Every structure is written in C-alpha cells, then in structure tokens.
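Everything below concerns the one structure shown next.
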Amino acid sequence: MITVTGLRKSFGDQVVLDGLDLNVPGGTVFALLGANGAGKTTTVKILSTLLSADAGDVRVAGHDVAREPDAVRAAIGVTGQFSAVDKLLTGAENLRLMADLHQLSKAEGRKRTGRLLEQFDLTDAAKKPASTYSGGMQRRLDLAMTLVGSPQVIFLDEPTTGLDPRGRRDMWQIVRDLVADGVTILLTTQYLDEADELADRIAVLGQGRVIAEGTAEELKRRIPGGHVRLRFADPERLDAALSVLGDASRDTDALALRVPSDGSLHALKTLIDRLDAQAIVVDELSVHTPDLDDVFLALTDQKVATR
Amino acid sequence: MSTQALPRLHPIHDSATMLRRNLKRMLRYPSMTITLIAMPVVFLLLFVYILGGTLGAGLPGGGGRAAYANYVAPAIILMTVMSTVQGTAISVAMDMTEGIIARFRTMHIARVSVLTGHVLGSVLQAIFAVTVVTGVALLVGFRPTANPLEWLATAGFLVAVAFAFVWLCVALGLASKTVEGASNAPLPLILLPFLGSGFVPTDSMPTAIRWFAEYQPFTPIIETVRGLLMGTPINNSAWIALTWCAAIALTGYLWAKRLFNRES
C-alpha cells in the first residue's frame, strides 16, 4: 500500500532523509519510531504530498506522490502532530466542513457526522467551539475529521504526543478499531510502548534512514539494554548468585543483581536453571525490556560502528 | 498504471463551503469586523467635525463643513474598503498558522477554494462595512445627489475595487511571515487616499506630490465614486480605475496562488 525507495530530502545543507526505504502492506499498522529530528514528520509530509522529495520513489495507494498527487490525496487521510481543526468552529461544524469538501450529500454528511461524534465520544461537546476542547478531545475530533472521507491510508503523525495517559489509551483503542476496519495506517511515534501496542511492524529511523525493522519483539531482542533483575534476602545469597552467574552487576544497597538478558523465555529458563542447580533462593525476579533510549542508542551506535 | 477514475474536483462547491467557513469565523470573531468599521468612522467624524470647517473653506467655491462632508465621504467609503482588505491580510495570515490549512492541502479538493473562500467572505464583509459607514456619513451630513441607477453603479464599482484589493491582500497575508507583518503590509492602502484627491483637491499640493497623486490608482477610484454619488465630472476616471482594478486583481490572484502552492 505504501512503498518508499531511496527517499532523500535535505533542507539547505541539512540532510533529513538519506535513502529511506519502507514497505507497508495493505491493512497493517506500521510504526516509524525515532527521536525528535529523526525525519519522521518530514517522511509523513512527503508521503502526504505536502513536501516534494529530492530523490527516490514514493508510491501511496498505487500512485506516485510526485506525478499523481491528486490521486494520492483522494486516497489518504492525515492527522498531524499539530491540531488540524478549525478552533472557531464547533466539533459538528468541523465534521460537516469535511463532509462538504468530500461532496457528501447533506443527509449523508449529517449521518456520518453524527456517527463519528458518537464513535469518538464527542456528542456532548458537538455544539461547542473546538477551542474549548481538551487536548484529547481535539485530537479525537482531528482524527474523526480525517475519517469523514473514508480514506484507505491514514497517516498519524505522533498521534498521542501531549496527551494525558487516559487520552493516550483512548487514542490507542480508536486506532485498533480502525485496523479492524481494514485501513492501512502509518504512524510515527517516539514511544516504544506505543509502537509496541499498535504496530504490526516497526521501523527505527536514525540519521535519515531505517536502521532497524521488525516486530516490536524482534527489535527489543536484538539489542542490549534488556536485563533481568534479581533481588535477594541477604548479602550471602547475593554473593553466591554473583559467583554462579559471573556476568552480572551488583547493587549491594538494594541487594540486587542486574543480569543482562534479552528477556526471552529460553534465556530466563537457563538463568533460573543455573540458580536452581546451586539452590540459591531468589526473593524477586523481574524482566526489564529496553526502552526507546536503549533501542535508539544501541542501534545508532551499531550503525556508526559498521560505517 | 491506474485506470481508476479520479473523483472530479468541484471548485465552485468547495468555494461555497470555504465561504461558509469564513463567514462563520467572522461571526464568531466579531471584534475584527467592528475594528475594521470603527477606523473609517473615526476618520469620518474627525474630518467632518474637527477639520471639516477649515478644509471646507479651502475647497474650490468654499462651502465650509457641509461641503466638506460631501467632499470627504467618498474617500471615507473607499477607506472602509481598504480597512476591510487589511483585515483580509490579517485573517489569511492567521489562518495559515492553523493546522487545518495543512489538512486542506492533503485533501483532494480544489485548492484555490481556500483562497476564494477568503476573497468572497471579505467582499461580503466590505459590502457590510461600506453600508454601515455610508449610513453614518448620511447621519453626519453627507448629501449625495445620486439616483438609484447611480447608487447601483457605485455599489458595483466598489465591489470591483474590493475584489481587486482583497486578492492583493490575500497575497500579502500569505507572503507575511507573521500576523503582525500581515497587519502592517497593507498600511500603504490606507495612506494612499491621502496622497490623492481623497481629502483635499490635488491642485493644492506641491508639484511632485501632485504628479504622484494624479497617477496613482486611488485618485481615479475616488473620482469615480465621487462622480457617481455627487455628480462631479468622471471623464475617463472610471475606465482608468477599472483597468487598475483588473491589473491589481490579476496580480494579486497569480501571486496568491503561487504563494499558496509553495511548500511550507
């Protein structure tokens, strides 16, 4: 549904995208994961026809974005990082504006507006100006407006940035429901847990290209930073465990050991077996998977090393 | 190669949709329209009641305050149009800072409708403002001699002037990097009537300024309005004025279209 090959874009002498390749099959959720300035928003802008590429081939819904921008626009919906609602209009008016621009009949427009207001829990606020909405409500209205035209491909640029935890969970549920309807979604995020929750596949963006791609599990396993934390009742057991495991760092004050591990079932079983064999009693065991910082630092370091 | 037909664009329907959006925005933000109307009203009162007695005495044939009210009213009416189009530049610049414009750019709609919505909205706003200001002018002693046909011609002419300068100001609003910049850019449009036959006859000015005054667009525009309303000679002012309007409208339209289609 979306294919990107060798995409390049520079602003002046600042290279933002340096040979980006992506392939998003129809009906899936694809996450672009990257820190601020990694080129996520630039990618979405090029894919949604807002910016032209310097080089590379970009096809969205079967159309070339450079040669057939209108055909691309007819197939996509975009919800950006910055609220794309008219704040002086009410929620219902914003949706009807979209219905009018999609040439829906008055009756059809009203029907779809009503359904979306209900689906996005905005019915009570429908007659209030969007400027009075909370951040989460504005984001929901924004996405509802994107859906008025029933797009085949939806771009969500950092859909939950700036939302409170409740707003984030609501947004996640909405995205999951969309996927159930069969649309293709490309979302950008700087949160690994968000990509993890929503995406079928994740591409990690760094220095203007994809530095790793796979499912969330694949990515997390590939990189260091994950570890198992073992807590003991007394220093003797801690020392005993350290002598058995060797490759671990100790935190004497907390009576804990930090054992590097990819967190897979197999690695855990091996670890537990080794402790069991020496009859070392562990008070508490917890698995820590790497967060975005770990992923990102590890992957970018790797890339520098292989250059 | 896709054989699937692309949905047709509907520029007129989209423009009507955008016009509705802009009218709603004006109604939700009435202080803008009020400010735009207040400016020419203040000037009108200032020129008639404070300066009018003396300036009127200097008109060919004299006549004092009453004669000056008749002389200055067409200039104030034109100033009302310019005040409105200044508001256009501001609201276009404000609109461009809103995320919804980026959304419009990613939609399969007639792009120019974003601009035509502003243009049509501003022209309607100008009609409203001119009606209010003309009403005030009548209250303070403006006594036009126009017959219904001449009133109609005046209205049509002013719509043409508003249309031309609105397009120019849409471009100025798009060209401005900030809303503040957009509110300053059209300032010459407010000042130019002073450097023409708007407030005093050009004969009374120093040679260099008089030369400028006679050839700048506002002089024929004001002379046309004055001629239609007060029965003063129009000669070829109307055609010169309409030519200016056509040129300004075309320049503004092409410039605005180019600015809107550039990448942000």
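To be explicit about the labels: the chains of the structure tokens are called A, B, and onward in the order shown, and within each one the residues are counted from 1, while ligands get numbers from 1 in the order they are shown.
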Pull out every residue of chain B sitting within 12 Å of chain A, counting only C-alpha atoms, and send them as a PyMOL selection string. chain B and resi 1-30+94-111+113-114+260-264
Considering only C-alpha atoms, return as number ranges by chain whatever protein or nucleic-acid residues lie within 9 Å of Leu271 in chain A, sequence-local ones (same chain, fewer than 5 positions apart) excluded. A: 245, 266, 276
Could you write out the selected residues, including C-alpha atoms, as an mmCIF file, in the first residue's frame?
data_model
loop_
_atom_site.group_PDB
_atom_site.id
_atom_site.type_symbol
_atom_site.label_atom_id
_atom_site.label_comp_id
_atom_site.auth_asym_id
_atom_site.auth_seq_id
_atom_site.Cartn_x
_atom_site.Cartn_y
_atom_site.Cartn_z
ATOM 1 C CA LEU A 245 26.342 -16.055 37.116
ATOM 2 C CA HIS A 266 14.724 -19.534 26.759
ATOM 3 C CA ASP A 276 18.254 -23.665 40.913
#
If you count only C-alpha atoms, which residues fall within 7 Å of range 67-81 of chain B, apart from same-chain ones fewer than 2 positions away, as number ranges by chain? B: 37, 40, 44, 48, 52, 55-56, 63-65, 83-85, 126, 129-130, 133-134, 137, 141-143, 162, 190, 193, 198-199, 222, 225-226
List every residue of range 111-155 of chain B that DSSP, applied to the backbone, labels as alpha helix (DSSP H), and write the result as a ChimeraX atom specification. /B:112-139,148-155
Excluding Ala203 in chain A and any residue of its chain fewer than 2 positions from it, enumerate the residues within 7 Å of it, using only C-alpha atoms, and give them as a list of chain:residue names.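 My list of contacting residues is A:Ala31, A:Leu32, A:Leu33, A:Arg201, A:Leu205, A:Val210, A:Ala212, A:Glu213, A:Gly214.
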Distance in Å - CA of Val29 in chain A versus CA of Asp164 in chain A: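 Taking CA of Val29 in chain A as the start and CA of Asp164 in chain A as the end point, the length is 22.6 Å.
Reported to one decimal place, the separation of CA of Gln190 in chain A from CA of Glu158 in chain A is 7.5 Å.
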Quick check, in Å to one decimal: how far apart do CA of Val119 in chain B and CA of Leu191 in chain B lie? 22.2 Å
Would you list the contacts of Ala241 in chain A as a CSV table (one decimal) with C-alpha atoms, in the first residue's frame, taking every protein, DNA or RNA residue within 10 Å and counting only C-alpha atoms, but skipping same-chain residues closer than 6 positions in sequence?
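Contents of out-v1.csv, freshly written:
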chain,number,residue,atom,x,y,z
A,230,LEU,CA,17.2,-10.5,40.9
A,232,PHE,CA,17.9,-11.4,47.4
A,235,PRO,CA,24.2,-10.4,51.0
A,248,ALA,CA,26.2,-9.5,36.3
A,256,ALA,CA,20.0,-6.9,43.8
A,257,LEU,CA,21.8,-8.2,40.7
A,274,ARG,CA,21.6,-22.2,36.9
A,275,LEU,CA,20.4,-20.6,40.1
A,278,GLN,CA,23.0,-24.2,43.3
A,279,ALA,CA,19.8,-23.9,45.3
A,280,ILE,CA,20.1,-20.2,45.5
A,281,VAL,CA,16.8,-18.6,46.7
A,282,VAL,CA,15.7,-15.5,44.9
Nearest to His227 in chain A among A:Asp157, A:Glu194, A:Glu68, A:Asp262, with distances taken over only C-alpha atoms: which residue is it? A:Asp262
Ile234 in chain B surroundings by only C-alpha atoms, 10 Å radius, close-in-sequence under 2 positions cut, as a PyMOL selection string: chain B and resi 220-228+231-232+236-239
Which residues come within 9 Å of Asp18 in chain A, counting only C-alpha atoms, excluding same-chain residues fewer than 6 positions away, as a PyMOL selection string? chain A and resi 6-10+207-209
